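Notes follow the structure.
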Amino acid sequence: MGESMKSDASGGRGGLMVALAQALTMEMSAFKVAIFETLCAAAQWPSLKGRIAGSGVLGVITATLLSPKHPVDRKALMTRLTGLLGSDSPEVLEAQHAQLDRSQHAKLRRATEFAKLRQQLISSGAVKAIVALLDGDAVGAAAAAKTISQLAGIAGDEAIRVELAGAEAISAMLKRLERFRLLKEKNELNEDENEHEDLLEDEEDVVGTIVSSLSDLALVDGCEELLAPVHNSLNSLCGALHACNQRKMIGEILRCLETLGSRYNLWPEMSKELAEDIFCLLLMRSSAAVSFLETLLRHAANTGTTNSLLSEFGDVRPLRRALLELGDASASTRDLIATIDSHTCEHCGKSPTSPLMVCSKCRQVKYCSRECQRTDWKRHKLNGCA
């Protein structure tokens, strides 16, 4: 797949290969950076990706990632290019599948070239160098998180996932989420709230990329072992949710938690802090919060823990009102409200961990204690209880 690129360079259509070779031994000037930015843009075109991947550019990528002299923005650029060149374009793969008359040998050769490129990334240490960027500046960490998702999401390539697991890529992502939470707490305690404002904005961008990457990986078959560190670190996601202010990223975190729960049965432990966050998001009319709460309650119903989950909300009547004020008349929202009603004390609005007692006369309303039933009796009787 690199023949066209090689012939272009040898034919004098430009100094691309010369510039690539120089980058191995020289500082990356603004001109060379512009070349690689152009390659990143070109690599998003299916017709050009194969030519770029086969051009010999991998050597420059590896040299830049492993060299201590190159700044993080250069390494981030090479990391982005690695993610783009790690596998063939979905459009090309679909077209190959549809073209039954295409030579099977040609298909296999192209796939083999991309697999060989990924193996070179592993053997050269470039994959580990990319993971190491997660512990550095925001620009490198964001690029690394996106590229890890792209590489690990390649169908059928177990070798790259094993390498990422060995480099503790997911653990590094989760540590970055915890770092964001601690930085946010430190900033809130500081009298000068603007001291870390720029740093927090950069970190929020990193967290958004990490969460999006985790969501993507959770949807990919074969990533169970790679995602194993998430089993004991869901609190990192919940902590990022509590610390975050950007609505888009909050929705992404909730979608990530919902995907991890639905696909891998990894559910966060419900706490008062998480319940408060969900309630506040419902007041903000967040559709992601509605979907997450619905999925969470469905899981709780299957495991017999609905009362325990709702008990963390305290009085659930404000929660119920928030759902009603959404103005969503869908069956899922009505079912959500009905589930809350069936596990809520008619008087105090709380959901006890022990079973509710049903009114012996009407057999419709429920109470958490005899005291609540006696206190509510006059109102309940006026409302038609015989």
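FYI, nothing fancy with the structure tokens labels: chains A, B, ... in order, residues from 1 per chain, ligands from 1 as they appear.
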
Report task. Tell me which protein, DNA and RNA residues are within 12 Å of region 203-207 of chain A, counting only C-alpha atoms, leaving out same-chain ones fewer than 4 positions away, and put them as a ChimeraX atom specification. Result -> /A:133-146,172-184,196-199,211-214,236-237,239-241,243-250,252-253

Query - Polymer residues at most 9 Å from Ser215 (chain A), only C-alpha atoms, same-chain spacing of 5 or more positions, as an NGL selection string - result: :A and (210 or 252-253 or 255-257 or 259-260)

Next, write the just-selected residues to a file, as a tab-separated table (two decimals), in the first residue's frame, keeping all heavy atoms as the atom set.
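Output below, filename part.tsv:
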chain	number	residue	atom	x	y	z
A	210	ILE	N	-10.96	11.29	27.94
A	210	ILE	CA	-10.79	10.00	28.61
A	210	ILE	C	-12.13	9.29	28.76
A	210	ILE	O	-12.27	8.10	28.46
A	210	ILE	CB	-10.13	10.19	29.99
A	210	ILE	CG1	-8.64	10.54	29.81
A	210	ILE	CG2	-10.27	8.93	30.84
A	210	ILE	CD1	-7.92	10.84	31.11
A	252	GLU	N	-21.56	12.76	29.09
A	252	GLU	CA	-20.67	11.71	28.61
A	252	GLU	C	-20.29	10.76	29.74
A	252	GLU	O	-20.21	9.55	29.56
A	252	GLU	CB	-19.41	12.33	27.99
A	252	GLU	CG	-18.55	11.35	27.25
A	252	GLU	CD	-19.24	10.76	26.04
A	252	GLU	OE1	-19.77	11.51	25.21
A	252	GLU	OE2	-19.26	9.50	25.93
A	253	ILE	N	-20.07	11.32	30.93
A	253	ILE	CA	-19.74	10.47	32.09
A	253	ILE	C	-20.91	9.56	32.44
A	253	ILE	O	-20.73	8.36	32.70
A	253	ILE	CB	-19.36	11.34	33.31
A	253	ILE	CG1	-18.05	12.10	33.03
A	253	ILE	CG2	-19.19	10.47	34.56
A	253	ILE	CD1	-17.68	13.10	34.11
A	255	ARG	N	-23.26	8.53	30.41
A	255	ARG	CA	-23.38	7.52	29.36
A	255	ARG	C	-22.32	6.43	29.53
A	255	ARG	O	-22.58	5.25	29.27
A	255	ARG	CB	-23.28	8.18	27.99
A	255	ARG	CG	-24.57	8.83	27.52
A	255	ARG	CD	-24.47	9.32	26.09
A	255	ARG	NE	-23.67	10.53	26.01
A	255	ARG	CZ	-24.17	11.76	26.15
A	255	ARG	NH1	-25.45	11.92	26.40
A	255	ARG	NH2	-23.39	12.82	26.05
A	256	CYS	N	-21.13	6.84	29.96
A	256	CYS	CA	-20.06	5.86	30.19
A	256	CYS	C	-20.44	4.92	31.33
A	256	CYS	O	-20.29	3.69	31.21
A	256	CYS	CB	-18.76	6.59	30.52
A	256	CYS	SG	-17.34	5.50	30.78
A	257	LEU	N	-20.95	5.47	32.43
A	257	LEU	CA	-21.38	4.64	33.56
A	257	LEU	C	-22.52	3.70	33.15
A	257	LEU	O	-22.55	2.54	33.55
A	257	LEU	CB	-21.83	5.54	34.72
A	257	LEU	CG	-20.73	6.30	35.47
A	257	LEU	CD1	-21.34	7.34	36.41
A	257	LEU	CD2	-19.85	5.33	36.25
A	259	THR	N	-23.14	2.55	30.11
A	259	THR	CA	-22.61	1.52	29.20
A	259	THR	C	-21.85	0.45	29.97
A	259	THR	O	-22.02	-0.75	29.71
A	259	THR	CB	-21.69	2.16	28.15
A	259	THR	OG1	-22.41	3.16	27.43
A	259	THR	CG2	-21.19	1.11	27.17
A	260	LEU	N	-21.03	0.87	30.92
A	260	LEU	CA	-20.27	-0.09	31.72
A	260	LEU	C	-21.21	-0.98	32.53
A	260	LEU	O	-20.96	-2.18	32.69
A	260	LEU	CB	-19.31	0.65	32.67
A	260	LEU	CG	-18.10	1.32	32.01
A	260	LEU	CD1	-17.41	2.25	33.01
A	260	LEU	CD2	-17.12	0.28	31.49

Query raised in the report: Which of region 301-334 of chain A counts as alpha helix (DSSP H) under DSSP, as a ChimeraX atom specification please?
Result: /A:301-303,306-311,317-324,331-334

Would you save the residues of that selection, restricted to N, CA, C and O atoms, as a PDB file, in the first residue's frame?
ATOM      1  N   ALA A 301     -34.025  -3.303  40.309  1.00  0.00           N
ATOM      2  CA  ALA A 301     -35.202  -4.170  40.369  1.00  0.00           C
ATOM      3  C   ALA A 301     -34.814  -5.625  40.140  1.00  0.00           C
ATOM      4  O   ALA A 301     -35.353  -6.535  40.792  1.00  0.00           O
ATOM      5  N   ASN A 302     -33.863  -5.850  39.249  1.00  0.00           N
ATOM      6  CA  ASN A 302     -33.419  -7.219  38.967  1.00  0.00           C
ATOM      7  C   ASN A 302     -32.636  -7.825  40.126  1.00  0.00           C
ATOM      8  O   ASN A 302     -32.597  -9.048  40.287  1.00  0.00           O
ATOM      9  N   THR A 303     -32.013  -6.974  40.922  1.00  0.00           N
ATOM     10  CA  THR A 303     -31.199  -7.460  42.046  1.00  0.00           C
ATOM     11  C   THR A 303     -31.871  -7.265  43.389  1.00  0.00           C
ATOM     12  O   THR A 303     -31.282  -7.578  44.434  1.00  0.00           O
ATOM     13  N   THR A 306     -33.877  -1.993  44.977  1.00  0.00           N
ATOM     14  CA  THR A 306     -34.496  -0.708  44.638  1.00  0.00           C
ATOM     15  C   THR A 306     -34.641   0.184  45.855  1.00  0.00           C
ATOM     16  O   THR A 306     -34.327   1.385  45.808  1.00  0.00           O
ATOM     17  N   ASN A 307     -35.137  -0.371  46.970  1.00  0.00           N
ATOM     18  CA  ASN A 307     -35.316   0.437  48.178  1.00  0.00           C
ATOM     19  C   ASN A 307     -33.996   1.009  48.669  1.00  0.00           C
ATOM     20  O   ASN A 307     -33.907   2.168  49.089  1.00  0.00           O
ATOM     21  N   SER A 308     -32.961   0.173  48.630  1.00  0.00           N
ATOM     22  CA  SER A 308     -31.647   0.620  49.095  1.00  0.00           C
ATOM     23  C   SER A 308     -31.130   1.756  48.217  1.00  0.00           C
ATOM     24  O   SER A 308     -30.552   2.727  48.713  1.00  0.00           O
ATOM     25  N   LEU A 309     -31.348   1.645  46.913  1.00  0.00           N
ATOM     26  CA  LEU A 309     -30.883   2.687  45.994  1.00  0.00           C
ATOM     27  C   LEU A 309     -31.626   3.998  46.241  1.00  0.00           C
ATOM     28  O   LEU A 309     -31.019   5.059  46.377  1.00  0.00           O
ATOM     29  N   LEU A 310     -32.953   3.928  46.303  1.00  0.00           N
ATOM     30  CA  LEU A 310     -33.752   5.143  46.473  1.00  0.00           C
ATOM     31  C   LEU A 310     -33.557   5.778  47.845  1.00  0.00           C
ATOM     32  O   LEU A 310     -33.754   6.989  48.013  1.00  0.00           O
ATOM     33  N   SER A 311     -33.168   4.976  48.837  1.00  0.00           N
ATOM     34  CA  SER A 311     -32.982   5.519  50.187  1.00  0.00           C
ATOM     35  C   SER A 311     -31.880   6.577  50.222  1.00  0.00           C
ATOM     36  O   SER A 311     -31.890   7.473  51.076  1.00  0.00           O
ATOM     37  N   ARG A 317     -39.674  12.821  46.935  1.00  0.00           N
ATOM     38  CA  ARG A 317     -40.728  13.623  46.300  1.00  0.00           C
ATOM     39  C   ARG A 317     -40.171  14.738  45.411  1.00  0.00           C
ATOM     40  O   ARG A 317     -40.699  14.970  44.312  1.00  0.00           O
ATOM     41  N   PRO A 318     -39.098  15.432  45.818  1.00  0.00           N
ATOM     42  CA  PRO A 318     -38.501  16.401  44.878  1.00  0.00           C
ATOM     43  C   PRO A 318     -37.976  15.727  43.603  1.00  0.00           C
ATOM     44  O   PRO A 318     -38.055  16.313  42.516  1.00  0.00           O
ATOM     45  N   LEU A 319     -37.467  14.516  43.742  1.00  0.00           N
ATOM     46  CA  LEU A 319     -37.004  13.774  42.582  1.00  0.00           C
ATOM     47  C   LEU A 319     -38.170  13.486  41.645  1.00  0.00           C
ATOM     48  O   LEU A 319     -38.063  13.641  40.417  1.00  0.00           O
ATOM     49  N   ARG A 320     -39.280  13.077  42.217  1.00  0.00           N
ATOM     50  CA  ARG A 320     -40.479  12.788  41.421  1.00  0.00           C
ATOM     51  C   ARG A 320     -40.976  14.045  40.708  1.00  0.00           C
ATOM     52  O   ARG A 320     -41.347  14.016  39.535  1.00  0.00           O
ATOM     53  N   ARG A 321     -40.976  15.181  41.430  1.00  0.00           N
ATOM     54  CA  ARG A 321     -41.423  16.442  40.831  1.00  0.00           C
ATOM     55  C   ARG A 321     -40.506  16.851  39.677  1.00  0.00           C
ATOM     56  O   ARG A 321     -40.961  17.356  38.655  1.00  0.00           O
ATOM     57  N   ALA A 322     -39.199  16.630  39.870  1.00  0.00           N
ATOM     58  CA  ALA A 322     -38.243  16.978  38.816  1.00  0.00           C
ATOM     59  C   ALA A 322     -38.525  16.183  37.544  1.00  0.00           C
ATOM     60  O   ALA A 322     -38.436  16.707  36.426  1.00  0.00           O
ATOM     61  N   LEU A 323     -38.883  14.918  37.706  1.00  0.00           N
ATOM     62  CA  LEU A 323     -39.209  14.091  36.553  1.00  0.00           C
ATOM     63  C   LEU A 323     -40.500  14.557  35.884  1.00  0.00           C
ATOM     64  O   LEU A 323     -40.601  14.599  34.656  1.00  0.00           O
ATOM     65  N   LEU A 324     -41.486  14.926  36.700  1.00  0.00           N
ATOM     66  CA  LEU A 324     -42.752  15.404  36.149  1.00  0.00           C
ATOM     67  C   LEU A 324     -42.568  16.715  35.400  1.00  0.00           C
ATOM     68  O   LEU A 324     -43.187  16.958  34.360  1.00  0.00           O
ATOM     69  N   ALA A 331     -43.317   6.508  27.776  1.00  0.00           N
ATOM     70  CA  ALA A 331     -43.609   5.352  28.629  1.00  0.00           C
ATOM     71  C   ALA A 331     -42.475   5.106  29.613  1.00  0.00           C
ATOM     72  O   ALA A 331     -42.710   4.721  30.766  1.00  0.00           O
ATOM     73  N   SER A 332     -41.226   5.330  29.194  1.00  0.00           N
ATOM     74  CA  SER A 332     -40.094   5.077  30.080  1.00  0.00           C
ATOM     75  C   SER A 332     -40.109   6.016  31.283  1.00  0.00           C
ATOM     76  O   SER A 332     -39.834   5.598  32.410  1.00  0.00           O
ATOM     77  N   THR A 333     -40.451   7.302  31.055  1.00  0.00           N
ATOM     78  CA  THR A 333     -40.512   8.249  32.168  1.00  0.00           C
ATOM     79  C   THR A 333     -41.675   7.917  33.090  1.00  0.00           C
ATOM     80  O   THR A 333     -41.548   8.001  34.319  1.00  0.00           O
ATOM     81  N   ARG A 334     -42.822   7.537  32.526  1.00  0.00           N
ATOM     82  CA  ARG A 334     -43.968   7.147  33.365  1.00  0.00           C
ATOM     83  C   ARG A 334     -43.615   5.917  34.202  1.00  0.00           C
ATOM     84  O   ARG A 334     -43.968   5.837  35.386  1.00  0.00           O
TER      85      ARG A 334
END

Query raised in the report: Quick one, how far is CA of Ala76 (chain A) from CA of Arg109 (chain A)?
Result: 29.7 Å

Report task. Please identify all polymer residues within 10 Å of Arg285 (chain A), counting only C-alpha atoms, omitting same-chain residues fewer than 4 positions from it, and present them as a list in words. Result ->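 My reading of the contact set: Phe279, Cys280, Leu281, Ala289, Val290, Ala322, Leu323, Glu325, Leu326 and Gly327 of chain A.
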
Query - Residue nearest Cys359 (chain A) - candidates A:Gln150, A:Lys378, A:Phe114, A:Cys385, atoms counted: only C-alpha atoms - result: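 The closest residue to Cys359 (chain A) is A:Cys385.
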
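When CA of Asn235 (chain A) is paired with CA of Asp277 (chain A), their separation reads 13.5 Å.
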